[in-house]
Amino acid sequence: MSGKVIALADAVARIDDGATIALSGNTFHRSPTAAVHELVRQGKRGLRVVKTAGAYDVDLLAGAGSIDRAAVGYVGFEALFGLAPNYRRAAEEGRLVVEEHACYTVITGLRAAIQGVPFLPVAGMFGSDLIPAREWKTVFDPYSGEELVAIPRLAPDWAIIHVHRADPEGNAQIRGSVFEDLLMANAAERVMVTAEEVVPPEALRAEGAQATVPGFLVDAVVHAPRGAWPCSCEGLYPVDDAYLSAYVEASKDEAAYREFLQAYVLQPAALAGGEPL
Amino acid sequence: MSDHPADLIACSMARLLADGETVFHGVASNLPLVAILLARATHAPGLVYLNIGGAVDARPTRLPKSTVDPALADGAVCRVTLADFFDLSARRRLDTVFLSGAQIDLHGNFNLSVIGPFDRPKVRLPGGAGSALLASTARRTILWRTRHDQRAFVESLDFVSACGNVEWVVTPLAVLKRHEGSLRPESLHPGVTFEALQEATGFELARPEALPTTAPPTDEERKTIEAIDPEGNRYLEFA
């Protein structure tokens, strides 16, 4: 199909080393895994990731050495597997700078970018060591004098959003939880949509303006069936616990982890994703 | 047979919820999820359950291991976004939020960020997620912790991820409440003495004159918990 549809490798090749990338979804759900795997395959370096709550996606990028900064509220494997093994190791060994956020400050930073202002104040938060640790400043309400923490603009170079359906112009439909994806798409300089299904525009029009992300924001559309795997895609497939369990197990040992990456991420055959372990 | 601490924690937290209030849980919150559904099935049918997927008043029929899972939107009356719930809290309209901390201090301040220095931690923890904002703006915070020892309940936090309106802390040993800025035990779980609680706590606890035993789950509560969570996801944090 024409329009903005291009191959995954070509879309990911447009992302420069050092870029700030925002990733769709939340923990194990609707991560843009196909694109994340391709970032690793292409050996990207120095990326900075933006996400409220990450899991496999951020951990893998940390383990593969693709990111050296993470602007995140949470990175962990929830109660399934606990701490994110490669993320924590990278941070503890000084290979990854964690720009810790409260999830709401990620949202606020994205909103500042969306609104074209350098910062936005946020309610509450006083007493948290995040304020000095992140060197966040305060501002005073010129009307009442109230002091508020000012969250700087968070403007990703790219937002990578995995969606259920998109048309060739990038009008993209997300079913169920949208999380921060629309904020990311609006805040980012460029947007890549990876879609389970690429459909004619009529399909979204006929059902009554069903797109979540308007195509005018989108630069590249990639057809990526099962593109969130091993994360879930609402209504289509669940979290692949067995794969994630094997990933966490392999992460305990450097050699085993490299072997795992080779087998499931670096091999082009792994592109299809979802071959059950 | 004595109750598993998970059941005591879920049950104690459920009883703290009032009918009709708005209540939110985030990532990795299996016990709050069970507590919310238990409260709604028992004394709080009008509880407004909000979760990280943006689901309003969902009626999940199957509990997933991840508390962000789409299964937790089943039966929802409305889908908004997480940002809407943070906004709700920011304008002081969210009643109750469930949060947890790797370390918790006397004042109910908590740490989910790092052990050791922030810039080069000995242990990089997951991060406070929404807690820095939620704990300070929600009307009240209920903390839970599945371990009660001197590594979890500390004199001094390595890092204050969040602080604010913490009202209750529920652990495998006790239910604690914050009075005038300091936590003190409100009830001890069956078989726990004040001395044992103090021994497991890294800061000095005030001893209230009356210190009742936490009422164990009733048969109805036990049955309801089992029906809500037949696969036992409430035990995951104890694994």
# chains A, B, ... in the order shown; residues from 1 in each chain; ligands from 1
>>> residues_around(residues="segment 81-87 of chain A", least_positions_apart="5", cutoff="8 Å", atoms="only C-alpha atoms", output="ChimeraX atom specification")
/A:55-56,58-60,62-63,75-76,96,245,248,251-252 /B:125-126
>>> select_by_dssp(residues="segment 80-159 of chain B", states="strand (DSSP E)", output="list in words")
Thr96, Val97, Phe98, Leu99, Ser100, Gln103, Ile104, Phe110, Asn111, Val114, Ile115, Val123, Arg124, Arg140, Thr141, Ile142, Leu143 and Trp144 of chain B
>>> write_last_selection(atoms="all heavy atoms", output="short mmCIF file (atom, residue, chain, number, x, y, z; two decimals), in the first residue's frame")
data_model
loop_
_atom_site.label_atom_id
_atom_site.label_comp_id
_atom_site.auth_asym_id
_atom_site.auth_seq_id
_atom_site.Cartn_x
_atom_site.Cartn_y
_atom_site.Cartn_z
N THR B 96 -9.17 7.72 47.40
CA THR B 96 -8.19 6.79 47.99
C THR B 96 -7.31 6.19 46.91
O THR B 96 -7.78 5.79 45.85
CB THR B 96 -8.92 5.65 48.73
OG1 THR B 96 -9.66 6.23 49.81
CG2 THR B 96 -7.95 4.64 49.30
N VAL B 97 -6.01 6.13 47.20
CA VAL B 97 -5.07 5.48 46.31
C VAL B 97 -4.29 4.44 47.10
O VAL B 97 -3.95 4.67 48.27
CB VAL B 97 -4.15 6.51 45.62
CG1 VAL B 97 -3.36 7.32 46.62
CG2 VAL B 97 -3.20 5.84 44.63
N PHE B 98 -4.03 3.30 46.47
CA PHE B 98 -3.18 2.27 47.07
C PHE B 98 -1.77 2.38 46.51
O PHE B 98 -1.58 2.39 45.29
CB PHE B 98 -3.72 0.87 46.74
CG PHE B 98 -4.91 0.46 47.56
CD1 PHE B 98 -6.18 0.49 47.02
CD2 PHE B 98 -4.73 0.04 48.87
CE1 PHE B 98 -7.28 0.10 47.77
CE2 PHE B 98 -5.83 -0.36 49.63
CZ PHE B 98 -7.10 -0.33 49.09
N LEU B 99 -0.79 2.48 47.40
CA LEU B 99 0.61 2.55 46.97
C LEU B 99 1.44 1.65 47.88
O LEU B 99 0.99 1.23 48.94
CB LEU B 99 1.11 4.00 47.06
CG LEU B 99 0.38 5.03 46.16
CD1 LEU B 99 0.78 6.46 46.53
CD2 LEU B 99 0.64 4.77 44.69
N SER B 100 2.68 1.39 47.44
CA SER B 100 3.57 0.59 48.26
C SER B 100 4.96 1.18 48.23
O SER B 100 5.27 2.02 47.38
CB SER B 100 3.61 -0.85 47.75
OG SER B 100 4.40 -1.65 48.61
N GLN B 103 10.89 0.78 51.10
CA GLN B 103 11.17 1.26 52.45
C GLN B 103 10.06 2.22 52.87
O GLN B 103 9.62 3.04 52.06
CB GLN B 103 12.49 2.03 52.50
CG GLN B 103 13.74 1.21 52.22
CD GLN B 103 14.99 2.10 52.25
OE1 GLN B 103 14.96 3.25 51.81
NE2 GLN B 103 16.09 1.55 52.74
N ILE B 104 9.66 2.12 54.13
CA ILE B 104 8.65 3.02 54.69
C ILE B 104 9.19 3.53 56.03
O ILE B 104 9.77 2.75 56.79
CB ILE B 104 7.32 2.26 54.90
CG1 ILE B 104 6.79 1.74 53.55
CG2 ILE B 104 6.27 3.16 55.58
CD1 ILE B 104 5.61 0.78 53.66
N PHE B 110 7.84 7.13 51.84
CA PHE B 110 8.30 5.85 51.31
C PHE B 110 9.22 5.99 50.10
O PHE B 110 9.26 7.02 49.44
CB PHE B 110 7.11 4.92 51.02
CG PHE B 110 6.03 5.50 50.14
CD1 PHE B 110 5.96 5.13 48.80
CD2 PHE B 110 5.07 6.36 50.66
CE1 PHE B 110 4.95 5.63 47.98
CE2 PHE B 110 4.06 6.88 49.84
CZ PHE B 110 4.00 6.51 48.51
N ASN B 111 9.95 4.91 49.87
CA ASN B 111 10.99 4.87 48.85
C ASN B 111 10.75 3.70 47.90
O ASN B 111 10.64 2.56 48.34
CB ASN B 111 12.35 4.70 49.54
CG ASN B 111 13.49 4.46 48.55
OD1 ASN B 111 13.39 4.79 47.37
ND2 ASN B 111 14.58 3.90 49.04
N VAL B 114 15.57 4.00 44.90
CA VAL B 114 16.94 3.46 44.96
C VAL B 114 17.31 3.04 46.38
O VAL B 114 16.83 3.62 47.36
CB VAL B 114 18.00 4.51 44.52
CG1 VAL B 114 17.96 4.77 43.03
CG2 VAL B 114 17.83 5.82 45.28
N ILE B 115 18.19 2.05 46.48
CA ILE B 115 18.95 1.80 47.70
C ILE B 115 20.36 2.29 47.38
O ILE B 115 20.94 1.89 46.37
CB ILE B 115 18.96 0.30 48.07
CG1 ILE B 115 17.53 -0.24 48.22
CG2 ILE B 115 19.78 0.08 49.35
CD1 ILE B 115 16.69 0.40 49.30
N VAL B 123 21.04 -0.60 44.57
CA VAL B 123 19.91 -1.29 43.95
C VAL B 123 19.02 -0.25 43.28
O VAL B 123 18.55 0.69 43.92
CB VAL B 123 19.05 -2.06 44.98
CG1 VAL B 123 17.92 -2.81 44.28
CG2 VAL B 123 19.91 -3.03 45.78
N ARG B 124 18.82 -0.44 41.99
CA ARG B 124 17.87 0.42 41.27
C ARG B 124 16.50 -0.24 41.40
O ARG B 124 16.26 -1.31 40.83
CB ARG B 124 18.30 0.56 39.82
CG ARG B 124 17.34 1.38 38.95
CD ARG B 124 17.31 2.85 39.32
NE ARG B 124 15.95 3.28 39.59
CZ ARG B 124 15.58 4.54 39.83
NH1 ARG B 124 16.45 5.52 39.83
NH2 ARG B 124 14.34 4.84 40.08
N ARG B 140 -6.48 10.44 50.53
CA ARG B 140 -5.72 9.58 51.45
C ARG B 140 -5.05 8.46 50.67
O ARG B 140 -5.50 8.05 49.60
CB ARG B 140 -6.61 9.00 52.54
CG ARG B 140 -7.69 8.12 51.98
CD ARG B 140 -8.47 7.45 53.10
NE ARG B 140 -9.38 6.47 52.51
CZ ARG B 140 -9.88 5.45 53.18
NH1 ARG B 140 -9.61 5.28 54.45
NH2 ARG B 140 -10.69 4.60 52.58
N THR B 141 -3.98 7.98 51.26
CA THR B 141 -3.21 6.88 50.67
C THR B 141 -3.23 5.72 51.65
O THR B 141 -3.03 5.90 52.85
CB THR B 141 -1.75 7.32 50.44
OG1 THR B 141 -1.74 8.38 49.48
CG2 THR B 141 -0.90 6.17 49.92
N ILE B 142 -3.47 4.53 51.11
CA ILE B 142 -3.30 3.31 51.89
C ILE B 142 -2.06 2.61 51.34
O ILE B 142 -2.01 2.28 50.15
CB ILE B 142 -4.53 2.39 51.79
CG1 ILE B 142 -5.79 3.11 52.29
CG2 ILE B 142 -4.28 1.09 52.55
CD1 ILE B 142 -7.09 2.32 52.08
N LEU B 143 -1.06 2.44 52.18
CA LEU B 143 0.14 1.71 51.78
C LEU B 143 0.00 0.25 52.18
O LEU B 143 -0.57 -0.05 53.23
CB LEU B 143 1.38 2.26 52.49
CG LEU B 143 1.91 3.65 52.15
CD1 LEU B 143 3.17 3.92 52.97
CD2 LEU B 143 2.21 3.77 50.67
N TRP B 144 0.52 -0.62 51.34
CA TRP B 144 0.66 -2.00 51.79
C TRP B 144 2.11 -2.43 51.58
O TRP B 144 2.82 -1.85 50.79
CB TRP B 144 -0.30 -2.93 51.04
CG TRP B 144 0.21 -3.47 49.74
CD1 TRP B 144 0.76 -4.70 49.52
CD2 TRP B 144 0.23 -2.79 48.47
NE1 TRP B 144 1.12 -4.82 48.18
CE2 TRP B 144 0.81 -3.68 47.53
CE3 TRP B 144 -0.17 -1.54 48.03
CZ2 TRP B 144 0.99 -3.33 46.18
CZ3 TRP B 144 0.01 -1.19 46.70
CH2 TRP B 144 0.59 -2.08 45.80
#
>>> interface_residues(of="chain A", to="chain B", cutoff="7 Å", atoms="only C-alpha atoms", output="number ranges by chain")
A: 29, 53, 73-76, 78-80, 83, 88, 91-92, 94, 100, 102-104, 107, 123-125, 127-130, 177-179, 234
>>> select_by_dssp(residues="segment 40-183 of chain A", states="alpha helix (DSSP H)", output="NGL selection string")
:A and (40-41 or 56-63 or 78-81 or 85-92 or 103-115 or 130-133 or 181-183)
>>> residues_around(residues="Glu186 of chain B", least_positions_apart="6", cutoff="7 Å", atoms="only C-alpha atoms", output="MDAnalysis selection string")
chainID B and resid 175:177 211
>>> closest_residue(among="B:Asp57, B:Asp74, B:Glu220, B:Glu180", to="His107 of chain B", atoms="only C-alpha atoms")
B:Glu180
>>> closest_residue(among="A:Leu154, A:Glu196, A:Thr105, A:Ala113", to="Ile131 of chain A", atoms="only C-alpha atoms")
A:Thr105
>>> closest_residue(among="A:Thr138, A:Phe126, A:Leu266, A:Lys51", to="Glu99 of chain A", atoms="only C-alpha atoms")
A:Lys51
>>> residues_around(residues="Ser187 of chain B", least_positions_apart="6", cutoff="10 Å", atoms="only C-alpha atoms", output="list in words")
Ser12, Val170, Leu173, Ala174, Val175, Leu176, Lys177, Phe194, Pro208, Ala210, Leu211, Pro212, Thr213, Thr214 and Ala215 of chain B
